[in-house]
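*Asks:* Dumping the structure here so I can ask a few things about it.
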Amino acid sequence: MTISVGLLEVGELGEEFSNSLLKTMLITGSALVFMAFVGFNTAFAPTIDGMIGNPLYGGLFLGDFSANLNGLLGGVWWSMTPTYFGTSLTAGTYFLFEAAFASVTLALVGVVALRKMKLEAFMIYSIVYFVLIWNLPAAWIWNPTGWLFQLGMRDFAGGLVVHGAAGAAGLGILSVIWLEEKHSGLKESPRVGCNLSQGWLTIAILLLWMGWFGFNPGSVLAFNYSAMVVVVTTFLAASASFLSSMAYKSFVSKQNPGLLDAVNGVLMGLIVITPLAGFVSPASAVVLGLIAGPLFVIAESYFNRFKWFSDPVGLLPGHTVGGLFGIVMIAFFTERDFASASGNPTLPNGLLFGGGLAALQQLGIEVLGTIIVMVTVFILSFATAWAISVSMKGITNGYKSSAVLNK
Amino acid sequence: MTISVGLLEVGELGEEFSNSLLKTMLITGSALVFMAFVGFNTAFAPTIDGMIGNPLYGGLFLGDFSANLNGLLGGVWWSMTPTYFGTSLTAGTYFLFEAAFASVTLALVGVVALRKMKLEAFMIYSIVYFVLIWNLPAAWIWNPTGWLFQLGMRDFAGGLVVHGAAGAAGLGILSVIWLEEKHSGLKESPRVGCNLSQGWLTIAILLLWMGWFGFNPGSVLAFNYSAMVVVVTTFLAASASFLSSMAYKSFVSKQNPGLLDAVNGVLMGLIVITPLAGFVSPASAVVLGLIAGPLFVIAESYFNRFKWFSDPVGLLPGHTVGGLFGIVMIAFFTERDFASASGNPTLPNGLLFGGGLAALQQLGIEVLGTIIVMVTVFILSFATAWAISVSMKGITNGYKSSAVLNK
Amino acid sequence: MTISVGLLEVGELGEEFSNSLLKTMLITGSALVFMAFVGFNTAFAPTIDGMIGNPLYGGLFLGDFSANLNGLLGGVWWSMTPTYFGTSLTAGTYFLFEAAFASVTLALVGVVALRKMKLEAFMIYSIVYFVLIWNLPAAWIWNPTGWLFQLGMRDFAGGLVVHGAAGAAGLGILSVIWLEEKHSGLKESPRVGCNLSQGWLTIAILLLWMGWFGFNPGSVLAFNYSAMVVVVTTFLAASASFLSSMAYKSFVSKQNPGLLDAVNGVLMGLIVITPLAGFVSPASAVVLGLIAGPLFVIAESYFNRFKWFSDPVGLLPGHTVGGLFGIVMIAFFTERDFASASGNPTLPNGLLFGGGLAALQQLGIEVLGTIIVMVTVFILSFATAWAISVSMKGITNGYKSSAVLNK
């Protein structure tokens with residue numbers, strides 16, 4: 001999945017393989033090693049006052065050299081016991097699942113670093129990222145003792161924890177890059193242009209599409225009826241978004257839609273459904289998908305106006321806008337029957353399904369949590385990138401030429 | 001799987017990615033949305049007099065906005081209850097499985113439309129296809145209340161419903177294309193030539209081979225002993241067909257076999273075993289595979305004689321001939337032990353295994369069902385393409401140049 | 001998996017697709033057909049005096065045309081009953097799993113045959129290979145009645161049976177090639193050079209990485225806690241080896257590491273962990289991975305000194321050195337808790353975990369078994385290649401030009 005994001009870069013930007021693939025392989029390796037070494041604990045061990053998981057729970061590297069960690073060779077990871085989620089998941093399974101989530105989140109962040117940021121700087125950033133930056137929102141929202149979870153916030157498969165937060169972290173890096181670029185006398189940030197390689201674009205989207213069916217249904221954390229419904233809602237949202245983006249491009253923008261539009265349409269449907277795939281009916285997923293297609297086209301043209309950063313793969317209009325839009329939609333489209341089946345029995349019906357005041361309150365909680373997470377992640381990411389910038393005398397590599405736009 | 005067919009086109013025809021991939025992505029998106037919207041019902045809901053599934057069973061889009069559809073969040077889809085197939089499959093799982101079947105069938109049909117048919121025309125065709133044309137044979141043969149199923153006809157994983165019917169539907173489109181081409185003064189149909197891209201051909205066959213292991217073993221509709229036997233028979237047929245086609249090309253045709261021959265050999269083995277993979281022993285699968293290899297080589301040279309259509313990827317000699325040959329072989333190679341284990345206890349032993357009169361009767365039923373399905377699908381496909389041709393003033397895009405044959 | 005090795009050749013050597021892919025497709029087809037025809041029996045049927053499986057157990061082709069083979073449609077394959085491994089695996093599942101192992105082993109052997117050996121000669125070699133050469137070590141070590149298994153030797157997922165033995169078989173072929181080359185007057189063996197195709201290299205490593213997660217966790221032969229721990233140890237070893245090889249190349253060799261170094265680093269981690277993935281803790285897997293990275297770099301420069309063979313993809317420094325190193329490490333890193341959970345309760349703790357004398361004895365057994373297997377496989381492979389060489393008047397195709405090294 002992480003490496004698929006590398007292939008997406010290759011496909012959209014005509015990027016050289018060695019750049020994108022070394023970067024995403026480094027992300028994958030770093031995620032596994034540093035998540036095993038305390039990162040999994042800071043996110044998913046029992047929290048200290050709801051703020052951060054106990055970094056030494058069970059020992060480093062999933063129980064050090066011993067087999068005593070509960071849920072490794074027997075028993076169940078603490079938060080999967082009936083007191084909490086009751087899904088009986090083991091430590092190994094849960095670790096791999098969440099390390100994959102963390103890894104793909106940094107891969108999304110990394111699309112803005114491409115060509116502009118030194119690989120060593122990004123490598124150091126990744127260690128902080130997998131020990132602290134990714135882990136805080138996960139500890140708050142996905143850990144059953146986290147303070148936002150306790151407040152009632154829900155985010156099914158990472159509309160905020162993955163897609164939204166990736167945008168906040170990316171903005172933190174982009175800000176440091178812009179500070180350096182401005183300091184070197186530039187008036188606007190050099191644009192990284194598109195240069196399609198249709199073959200790789202296709203392979204990337206195929207792998208991403210398949211990979212999503214690990215993340216969304218996996219977020220039920222059990223193999224049951226609900227997991228299959230989540231496959232259905234995810235597929236329907238992606239298909240509806242694809243069809244609506246093609247139609248919007250043809251009939252409203254009066255342009256001939258191409259493969260890149262198709263890919264972005266599919267991705268936007270997948271992103272928008274992510275935070276609520278387990279809470280809604282198949283018909284709602286179609287409605288959400290139909291909205292998602294045009295939403296990306298509009299958001300992309302909005303973000304293209306900014307001159308101080310370059311976001312060629314669409315982290316902000318795609319992942320951030322789509323993820324946060326999906327988070328807000330929780331308060332509109334949730335149906336309790338579906339939410340209960342996916343393990344979220346306390347979530348109220350949405351406004352469109354008679355949720356009334358409870359839905360309004362849910363809306364407030366989701367918006368509050370979103371703002372706090374976005375601000376926190378932005379500050380941590382900016383501070384980390386800035387500290388690296390100071391100690392390495394710059395994180396940028398002097399990229400200046402504006403590639404030809406070939407879209 | 002559907003998109004793999006697009007990659008096969010790219011690999012065999014040197015086709016541009018955007019053409020083949022946009023088409024197959026449209027097929028996938030359209031299949032999911034329109035199968036969810038009544039298409040799944042017309043095929044798999046309780047039938048009206050054995051002819052067509054009740055289109056409004058449980059509501060549109062798999063139960064509208066409600067969770068009341070049985071088998072969605074609890075219970076079992078009606079035909080999976082012990083009264084019928086007794087496999088306990090849920091609505092979501094069954095929908096996804098069958099939508100994938102429908103999608104890949106239209107992708108096979110679509111190989112004959114490539115380069116010659118307008119994309120908008122094919123898009124409209126796809127809606128009719130997923131609501132009616134694909135669904136009728138499925139309702140008759142795969143729905144336990146369908147009239148052909150009740151008559152005793154069996155088709156394990158789509159020798160007729162997928163591969164045979166795809167040929168009938170393709171011929172319907174080819175006929176309308178030929179009517180338009182003849183009307184525009186052409187003496188014979190411009191040939192779409194082969195232009196191999198070995199890399200994409202390889203990726204396509206890899207994905208198709210893997211995907212087949214969703215379709216064939218999945219057709220047991222349960223994960224049990226029989227499903228693993230089906231993996232074995234499918235693999236052995238593909239391998240034996242590959243080896244026999246290479247040997248036939250070398251020793252009988254006296255040609256040096258290449259990658260395209262290898263790919264076609266594997267595919268033909270997969271196609272031939274499809275309608276009876278759950279009914280036969282591993283040794284029979286090897287025998288069937290050994291026959292399949294030369295069968296394709298012979299069928300291809302037969303179909304190449306026709307001048308009024310162009311079938312560059314081999315829909316007719318591969319999928320239609322192979323699928324229908326496999327259907328007929330049901331009456332020869334079936335062994336009751338295997339058929340029972342895959343959920344088909346009423347199927348008699350084949351002629352080669354002492355089936356006698358019961359096997360002859362089965363042969364009659366299979367042939368009768370095949371003829372009726374092929375004729376029906378051809379007529380529906382022709383009528384649909386013709387209606388679109390009239391309303392859009394032609395479905396062809398004026399393709400005239402005969403590409404160089406580079407095989 | 002087998003075909004991934006073909007893609008690896010294409011990616012590393014800039015090899016033409018048709019050569020590598022036809023070869024690996026032939027290996028796959030041959031493995032399935034000839035393993036079904038007695039090869040599975042010679043390895044996994046009840047052995048004759050611990051030396052070789054009964055070739056006619058249950059009939060050819062997995063029970064001939066009958067369904068009477070136990071474990072095919074009901075019951076359990078004999079060695080999976082509680083008397084032996086007690087995993088309840090069926091004949092079909094076990095056959096497919098082991099045929100995949102056999103197939104990938106010959107694909108590894110085949111990398112040394114590329115460009116130099118006639119395809120027909122390799123095809124004949126493959127039949128002997130799948131009926132006898134691959135099967136003997138499997139019968140001795142993986143069959144519970146095999147003499148080395150009874151002696152106490154263990155090899156979790158093929159450090160010796162797959163990776164080590166592939167090197168011995170490869171050396172047998174290389175020796176015959178060298179005899180022919182020397183006979184034709186050459187002073188040293190023409191080198192097959194590297195010519196990277198980064199795209200295919202990437203796809204190859206992605207598929208290999210994924211495929212390894214069939215082999216290693218699958219070697220638990222059951223889906224349980226231990227299988228997930230094996231996924232974790234395999235992933236961590238690969239990631240740690242990747243990071244350590246990059247670091248070693250950068251800081252010790254003072255070179256800029258590229259994509260090929262990354263790929264080899266990942267592969268070496270996977271190979272080293274293979275024979276003991278089910279016996280060690282996650283932290284030990286990280287340690288083993290950290291050693292594996294530099295080990296490959298050192299081994300590769302050692303094997304590059306030899307002039308009488310060409311091993312461009314690194315069969316000997318990678319698979320043989322890595323596999324045998326992992327085998328030896330069993331006596332150092334094993335922890336009984338982990339070994340028991342993966343079905344190996346008799347394995348003692350390793351020297352690093354207080355194993356003492358029992359661990360030393362285990363070390364002796366592993367080394368003894370390794371030497372006997374390596375010598376046997378080398379002799380059988382050499383004799384087979386030599387017999388083919390005599391009867392076909394040479395197995396080489398006259399490859400003489402030394403390709404430019406482009407690494």
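Ligands are numbered from 1 in the order shown, chains are lettered A, B, ... in the order of the structure tokens, and residues start at 1 in each chain.
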For Ala387 in chain C, work out the shell of residues within 12 Å, counting only C-alpha atoms and skipping chain neighbours fewer than 2 positions away, then give it as a list in words.

*Replies:*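 Neighbouring residues, sequence-local ones excluded: Ala121, Ile124, Tyr125, Val128, Gly172, Ile173, Val176, Ile379, Leu380, Ser381, Phe382, Ala383, Thr384, Ala385, Ser389, Val390, Ser391, Met392, Lys393, Gly394 and Ile395 of chain C.
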
*Asks:* Take the residues from that selection and write them out as a CSV table (one decimal), in the first residue's frame, keeping N, CA and C atoms.

*Replies:*
chain,number,residue,atom,x,y,z
C,121,ALA,N,16.7,-28.4,-22.7
C,121,ALA,CA,17.5,-29.1,-21.7
C,121,ALA,C,17.0,-28.8,-20.3
C,124,ILE,N,13.8,-30.7,-19.6
C,124,ILE,CA,14.0,-32.1,-19.2
C,124,ILE,C,14.5,-32.2,-17.8
C,125,TYR,N,15.4,-31.3,-17.5
C,125,TYR,CA,16.0,-31.3,-16.1
C,125,TYR,C,14.9,-31.1,-15.1
C,128,VAL,N,13.1,-34.4,-13.9
C,128,VAL,CA,13.9,-35.1,-12.9
C,128,VAL,C,13.9,-34.3,-11.6
C,172,GLY,N,25.6,-27.6,-9.5
C,172,GLY,CA,25.7,-28.8,-10.4
C,172,GLY,C,25.5,-28.4,-11.8
C,173,ILE,N,24.6,-27.5,-12.1
C,173,ILE,CA,24.4,-27.1,-13.5
C,173,ILE,C,25.5,-26.2,-14.0
C,176,VAL,N,28.5,-28.3,-15.1
C,176,VAL,CA,28.4,-28.9,-16.4
C,176,VAL,C,28.6,-27.8,-17.5
C,379,ILE,N,25.4,-33.7,-6.3
C,379,ILE,CA,25.7,-34.8,-7.2
C,379,ILE,C,24.5,-35.2,-8.1
C,380,LEU,N,23.3,-35.2,-7.6
C,380,LEU,CA,22.1,-35.5,-8.4
C,380,LEU,C,22.0,-34.5,-9.5
C,381,SER,N,22.1,-33.2,-9.2
C,381,SER,CA,22.0,-32.2,-10.2
C,381,SER,C,23.0,-32.3,-11.2
C,382,PHE,N,24.3,-32.5,-10.8
C,382,PHE,CA,25.4,-32.6,-11.7
C,382,PHE,C,25.1,-33.8,-12.7
C,383,ALA,N,24.8,-34.9,-12.1
C,383,ALA,CA,24.6,-36.1,-12.9
C,383,ALA,C,23.5,-36.0,-13.9
C,384,THR,N,22.4,-35.3,-13.5
C,384,THR,CA,21.3,-35.1,-14.4
C,384,THR,C,21.7,-34.2,-15.5
C,385,ALA,N,22.3,-33.1,-15.2
C,385,ALA,CA,22.7,-32.1,-16.2
C,385,ALA,C,23.7,-32.8,-17.1
C,389,SER,N,23.4,-33.4,-21.0
C,389,SER,CA,24.5,-32.9,-21.9
C,389,SER,C,25.0,-33.9,-22.9
C,390,VAL,N,25.2,-35.2,-22.4
C,390,VAL,CA,25.6,-36.2,-23.2
C,390,VAL,C,24.6,-36.6,-24.3
C,391,SER,N,23.3,-36.7,-23.9
C,391,SER,CA,22.3,-37.2,-24.8
C,391,SER,C,21.9,-36.1,-25.8
C,392,MET,N,22.0,-34.8,-25.4
C,392,MET,CA,21.6,-33.7,-26.3
C,392,MET,C,22.9,-33.1,-27.0
C,393,LYS,N,24.0,-33.7,-26.8
C,393,LYS,CA,25.3,-33.1,-27.3
C,393,LYS,C,25.4,-31.7,-26.8
C,394,GLY,N,25.4,-31.5,-25.5
C,394,GLY,CA,25.6,-30.1,-24.9
C,394,GLY,C,24.3,-29.5,-24.4
C,395,ILE,N,24.4,-28.9,-23.3
C,395,ILE,CA,23.2,-28.2,-22.7
C,395,ILE,C,23.4,-26.7,-23.0

*Asks:* Which of range 4-192 of chain C end up as strand (DSSP E or B) when DSSP is run on this backbone - answer as a PyMOL selection string?

*Replies:* chain C and resi 47-48+52-53+117

*Asks:* Pull N, CA and C atoms from the residues just selected and write them as a short mmCIF file (atom, residue, chain, number, x, y, z; two decimals), in the first residue's frame.

*Replies:*
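Full text of out.cif as output:
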data_model
loop_
_atom_site.label_atom_id
_atom_site.label_comp_id
_atom_site.auth_asym_id
_atom_site.auth_seq_id
_atom_site.Cartn_x
_atom_site.Cartn_y
_atom_site.Cartn_z
N THR C 47 7.32 -42.56 4.09
CA THR C 47 8.60 -42.87 3.46
C THR C 47 8.93 -44.36 3.55
N ILE C 48 9.80 -44.77 2.63
CA ILE C 48 10.39 -46.11 2.67
C ILE C 48 11.70 -45.98 3.43
N ILE C 52 12.76 -42.07 1.10
CA ILE C 52 11.97 -41.47 0.00
C ILE C 52 10.52 -41.85 0.18
N GLY C 53 9.62 -40.93 -0.19
CA GLY C 53 8.19 -41.21 -0.05
C GLY C 53 7.75 -42.27 -1.05
N MET C 117 21.78 -21.92 -21.01
CA MET C 117 21.31 -23.30 -21.13
C MET C 117 20.13 -23.34 -22.09
#

*Asks:* With distances taken over only C-alpha atoms, which of B:Ser30, B:Gly6, B:Ser184, B:Tyr225 is nearest to Asn70 in chain C?

*Replies:*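 When distances to Asn70 in chain C are compared using only C-alpha atoms, the smallest one comes from B:Tyr225.
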
*Asks:* Pick out the chain B residues within 7 Å of chain A. Count only C-alpha atoms. Give them as a list in words.

*Replies:* Phe17, Ser18, Leu22, Gly29, Leu32, Val33, Phe61, Leu62, Asp64, Phe65, Ser66, Ala67, Leu72, Leu73, Gly74, Gly92 and Thr93 of chain B

*Asks:* Create the file for the chosen residues now, containing N, CA, C and O atoms and written as a JSON list (two decimals), in the first residue's frame.

*Replies:*
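And here's again_3.json as it stands now:
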[["chain", "number", "residue", "atom", "x", "y", "z"],
["B", 17, "PHE", "N", -3.14, 2.76, -23.24],
["B", 17, "PHE", "CA", -3.71, 2.51, -21.94],
["B", 17, "PHE", "C", -5.05, 3.20, -21.73],
["B", 17, "PHE", "O", -5.99, 2.61, -21.23],
["B", 18, "SER", "N", -5.11, 4.48, -22.12],
["B", 18, "SER", "CA", -6.31, 5.23, -21.76],
["B", 18, "SER", "C", -7.55, 4.59, -22.37],
["B", 18, "SER", "O", -8.59, 4.54, -21.73],
["B", 22, "LEU", "N", -9.75, 3.03, -19.38],
["B", 22, "LEU", "CA", -10.99, 3.78, -19.13],
["B", 22, "LEU", "C", -12.18, 2.87, -19.37],
["B", 22, "LEU", "O", -13.13, 2.85, -18.58],
["B", 29, "GLY", "N", -17.04, 0.12, -12.63],
["B", 29, "GLY", "CA", -17.91, 1.05, -11.90],
["B", 29, "GLY", "C", -19.37, 0.83, -12.23],
["B", 29, "GLY", "O", -20.23, 0.78, -11.35],
["B", 32, "LEU", "N", -20.80, -2.43, -10.60],
["B", 32, "LEU", "CA", -21.09, -2.35, -9.16],
["B", 32, "LEU", "C", -22.35, -1.53, -8.92],
["B", 32, "LEU", "O", -23.24, -1.93, -8.16],
["B", 33, "VAL", "N", -22.42, -0.37, -9.57],
["B", 33, "VAL", "CA", -23.56, 0.52, -9.30],
["B", 33, "VAL", "C", -24.85, -0.08, -9.85],
["B", 33, "VAL", "O", -25.87, -0.13, -9.14],
["B", 61, "PHE", "N", -30.59, -0.87, -4.57],
["B", 61, "PHE", "CA", -29.28, -0.71, -3.92],
["B", 61, "PHE", "C", -29.14, -1.58, -2.68],
["B", 61, "PHE", "O", -28.80, -1.09, -1.60],
["B", 62, "LEU", "N", -29.42, -2.85, -2.79],
["B", 62, "LEU", "CA", -29.24, -3.80, -1.69],
["B", 62, "LEU", "C", -29.96, -3.37, -0.43],
["B", 62, "LEU", "O", -29.38, -3.30, 0.64],
["B", 64, "ASP", "N", -32.10, -0.44, -0.17],
["B", 64, "ASP", "CA", -32.25, 1.01, -0.01],
["B", 64, "ASP", "C", -31.36, 1.53, 1.12],
["B", 64, "ASP", "O", -30.24, 1.11, 1.26],
["B", 65, "PHE", "N", -31.95, 2.44, 1.91],
["B", 65, "PHE", "CA", -31.18, 3.01, 3.01],
["B", 65, "PHE", "C", -31.35, 2.21, 4.30],
["B", 65, "PHE", "O", -30.80, 2.56, 5.32],
["B", 66, "SER", "N", -32.12, 1.15, 4.27],
["B", 66, "SER", "CA", -32.39, 0.44, 5.51],
["B", 66, "SER", "C", -31.49, -0.79, 5.65],
["B", 66, "SER", "O", -30.86, -1.24, 4.70],
["B", 67, "ALA", "N", -31.42, -1.30, 6.87],
["B", 67, "ALA", "CA", -30.62, -2.49, 7.15],
["B", 67, "ALA", "C", -31.50, -3.72, 7.24],
["B", 67, "ALA", "O", -31.09, -4.75, 7.77],
["B", 72, "LEU", "N", -27.92, -9.01, 5.04],
["B", 72, "LEU", "CA", -27.00, -7.88, 4.93],
["B", 72, "LEU", "C", -26.22, -7.74, 6.24],
["B", 72, "LEU", "O", -25.00, -7.83, 6.25],
["B", 73, "LEU", "N", -26.93, -7.54, 7.35],
["B", 73, "LEU", "CA", -26.24, -7.41, 8.64],
["B", 73, "LEU", "C", -26.49, -8.61, 9.54],
["B", 73, "LEU", "O", -25.94, -8.71, 10.63],
["B", 74, "GLY", "N", -27.34, -9.51, 9.11],
["B", 74, "GLY", "CA", -27.63, -10.70, 9.89],
["B", 74, "GLY", "C", -28.40, -11.66, 9.00],
["B", 74, "GLY", "O", -28.88, -11.27, 7.93],
["B", 92, "GLY", "N", -24.06, -9.43, 1.22],
["B", 92, "GLY", "CA", -22.92, -8.62, 0.80],
["B", 92, "GLY", "C", -21.89, -9.45, 0.05],
["B", 92, "GLY", "O", -21.44, -9.08, -1.04],
["B", 93, "THR", "N", -21.51, -10.58, 0.62],
["B", 93, "THR", "CA", -20.52, -11.45, -0.01],
["B", 93, "THR", "C", -21.00, -11.92, -1.38],
["B", 93, "THR", "O", -20.26, -11.87, -2.36]]

*Asks:* Got a sec: who's within 9 Å of Trp142 in chain A, counting only C-alpha atoms, leaving out chain neighbours fewer than 4 positions off, as a PyMOL selection string?

*Replies:* chain A and resi 43-44+137-138+146+148-149+154-156+161

*Asks:* Let me see the file: selected residues, N, CA, C and O atoms, as a PDB file, in the first residue's frame.

*Replies:*
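Written output follows (selection-v9.pdb):
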ATOM      1  N   ALA A  43       0.816   4.528  20.625  1.00  0.00           N
ATOM      2  CA  ALA A  43      -0.530   4.676  20.069  1.00  0.00           C
ATOM      3  C   ALA A  43      -1.539   3.748  20.736  1.00  0.00           C
ATOM      4  O   ALA A  43      -2.648   4.169  21.075  1.00  0.00           O
ATOM      5  N   PHE A  44      -1.167   2.480  20.978  1.00  0.00           N
ATOM      6  CA  PHE A  44      -2.191   1.489  21.303  1.00  0.00           C
ATOM      7  C   PHE A  44      -2.045   0.788  22.640  1.00  0.00           C
ATOM      8  O   PHE A  44      -2.860  -0.066  22.968  1.00  0.00           O
ATOM      9  N   PRO A 137      -2.754  11.214  17.477  1.00  0.00           N
ATOM     10  CA  PRO A 137      -4.174  11.116  17.086  1.00  0.00           C
ATOM     11  C   PRO A 137      -4.716   9.693  17.222  1.00  0.00           C
ATOM     12  O   PRO A 137      -5.870   9.504  17.621  1.00  0.00           O
ATOM     13  N   ALA A 138      -3.881   8.688  16.912  1.00  0.00           N
ATOM     14  CA  ALA A 138      -4.348   7.308  17.065  1.00  0.00           C
ATOM     15  C   ALA A 138      -4.642   7.009  18.524  1.00  0.00           C
ATOM     16  O   ALA A 138      -5.658   6.377  18.850  1.00  0.00           O
ATOM     17  N   GLY A 146      -8.380   6.634  24.995  1.00  0.00           N
ATOM     18  CA  GLY A 146      -7.996   7.970  24.532  1.00  0.00           C
ATOM     19  C   GLY A 146      -9.078   8.995  24.871  1.00  0.00           C
ATOM     20  O   GLY A 146     -10.266   8.663  24.901  1.00  0.00           O
ATOM     21  N   LEU A 148     -10.340  11.605  23.213  1.00  0.00           N
ATOM     22  CA  LEU A 148     -11.359  11.915  22.200  1.00  0.00           C
ATOM     23  C   LEU A 148     -12.310  10.741  22.000  1.00  0.00           C
ATOM     24  O   LEU A 148     -13.516  10.934  21.799  1.00  0.00           O
ATOM     25  N   PHE A 149     -11.785   9.504  22.049  1.00  0.00           N
ATOM     26  CA  PHE A 149     -12.664   8.339  21.981  1.00  0.00           C
ATOM     27  C   PHE A 149     -13.667   8.378  23.122  1.00  0.00           C
ATOM     28  O   PHE A 149     -14.863   8.130  22.931  1.00  0.00           O
ATOM     29  N   ARG A 154     -15.662   9.374  16.751  1.00  0.00           N
ATOM     30  CA  ARG A 154     -15.382   8.165  15.996  1.00  0.00           C
ATOM     31  C   ARG A 154     -14.799   8.541  14.633  1.00  0.00           C
ATOM     32  O   ARG A 154     -15.145   9.590  14.070  1.00  0.00           O
ATOM     33  N   ASP A 155     -13.916   7.681  14.135  1.00  0.00           N
ATOM     34  CA  ASP A 155     -13.322   7.871  12.801  1.00  0.00           C
ATOM     35  C   ASP A 155     -13.060   6.459  12.298  1.00  0.00           C
ATOM     36  O   ASP A 155     -12.064   5.836  12.651  1.00  0.00           O
ATOM     37  N   PHE A 156     -13.955   5.951  11.460  1.00  0.00           N
ATOM     38  CA  PHE A 156     -13.967   4.522  11.182  1.00  0.00           C
ATOM     39  C   PHE A 156     -12.623   3.964  10.721  1.00  0.00           C
ATOM     40  O   PHE A 156     -12.036   3.113  11.379  1.00  0.00           O
ATOM     41  N   VAL A 161      -7.479  10.439  11.185  1.00  0.00           N
ATOM     42  CA  VAL A 161      -6.209   9.890  11.672  1.00  0.00           C
ATOM     43  C   VAL A 161      -5.233   9.655  10.516  1.00  0.00           C
ATOM     44  O   VAL A 161      -4.035   9.853  10.655  1.00  0.00           O
TER      45      VAL A 161
END

*Asks:* Using DSSP secondary structure from the backbone, list all helix (DSSP H, G or I) positions within range 8-199 of chain A, as a ChimeraX atom specification.

*Replies:* /A:8-13,17-44,60-63,78-80,91-110,119-133,135-141,147-151,159-183,198-199

*Asks:* Quick one: residues within 9 Å of Trp308 in chain B, only C-alpha atoms, excluding same-chain residues fewer than 3 positions away - as a PyMOL selection string?

*Replies:* chain B and resi 174-175+178+182+187-190

*Asks:* Mind checking which residues fall within 9 Å of Phe378 in chain A, counting only C-alpha atoms, ignoring those fewer than 6 positions away in the same chain, and posting them as a PyMOL selection string?

*Replies:* chain A and resi 165+167-173

*Asks:* What's around Asn256 in chain A at 10 Å? Count only C-alpha atoms, leave out sequence neighbours fewer than 6 positions away in its own chain, and write the answer as an mmCIF file with N, CA and C atoms, in the first residue's frame.

*Replies:*
data_model
loop_
_atom_site.group_PDB
_atom_site.id
_atom_site.type_symbol
_atom_site.label_atom_id
_atom_site.label_comp_id
_atom_site.auth_asym_id
_atom_site.auth_seq_id
_atom_site.Cartn_x
_atom_site.Cartn_y
_atom_site.Cartn_z
ATOM 1 N N MET A 246 -16.387 11.633 -13.782
ATOM 2 C CA MET A 246 -16.333 11.608 -15.240
ATOM 3 C C MET A 246 -17.461 12.475 -15.818
ATOM 4 N N ALA A 247 -18.667 12.346 -15.252
ATOM 5 C CA ALA A 247 -19.813 13.103 -15.743
ATOM 6 C C ALA A 247 -19.611 14.599 -15.503
ATOM 7 N N LYS A 249 -16.784 16.273 -15.185
ATOM 8 C CA LYS A 249 -15.749 16.766 -16.094
ATOM 9 C C LYS A 249 -16.326 16.950 -17.510
ATOM 10 N N SER A 250 -17.153 15.997 -17.937
ATOM 11 C CA SER A 250 -17.709 16.052 -19.298
ATOM 12 C C SER A 250 -18.742 17.158 -19.443
#

*Asks:* Can you list, as number ranges by chain, every protein, DNA or RNA residue that comes within 9 Å of Ile127 in chain A when you count only C-alpha atoms, leaving out same-chain residues fewer than 3 positions away?

*Replies:* A: 30-31, 34, 122-124, 130-132

*Asks:* Could you tell me how far CA of Leu106 in chain B lies from CA of Ile27 in chain B, in Å and to one decimal?

*Replies:*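 It comes out at 7.0 Å.
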
*Asks:* Using only C-alpha atoms, pick whichever of A:Met35, A:Leu357, A:Val287, A:Val373 has the shortest atom-to-atom distance to Leu324 in chain A.

*Replies:*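 Going through A:Met35, A:Leu357, A:Val287, A:Val373 one by one, the smallest distance to Leu324 in chain A is for A:Val373.
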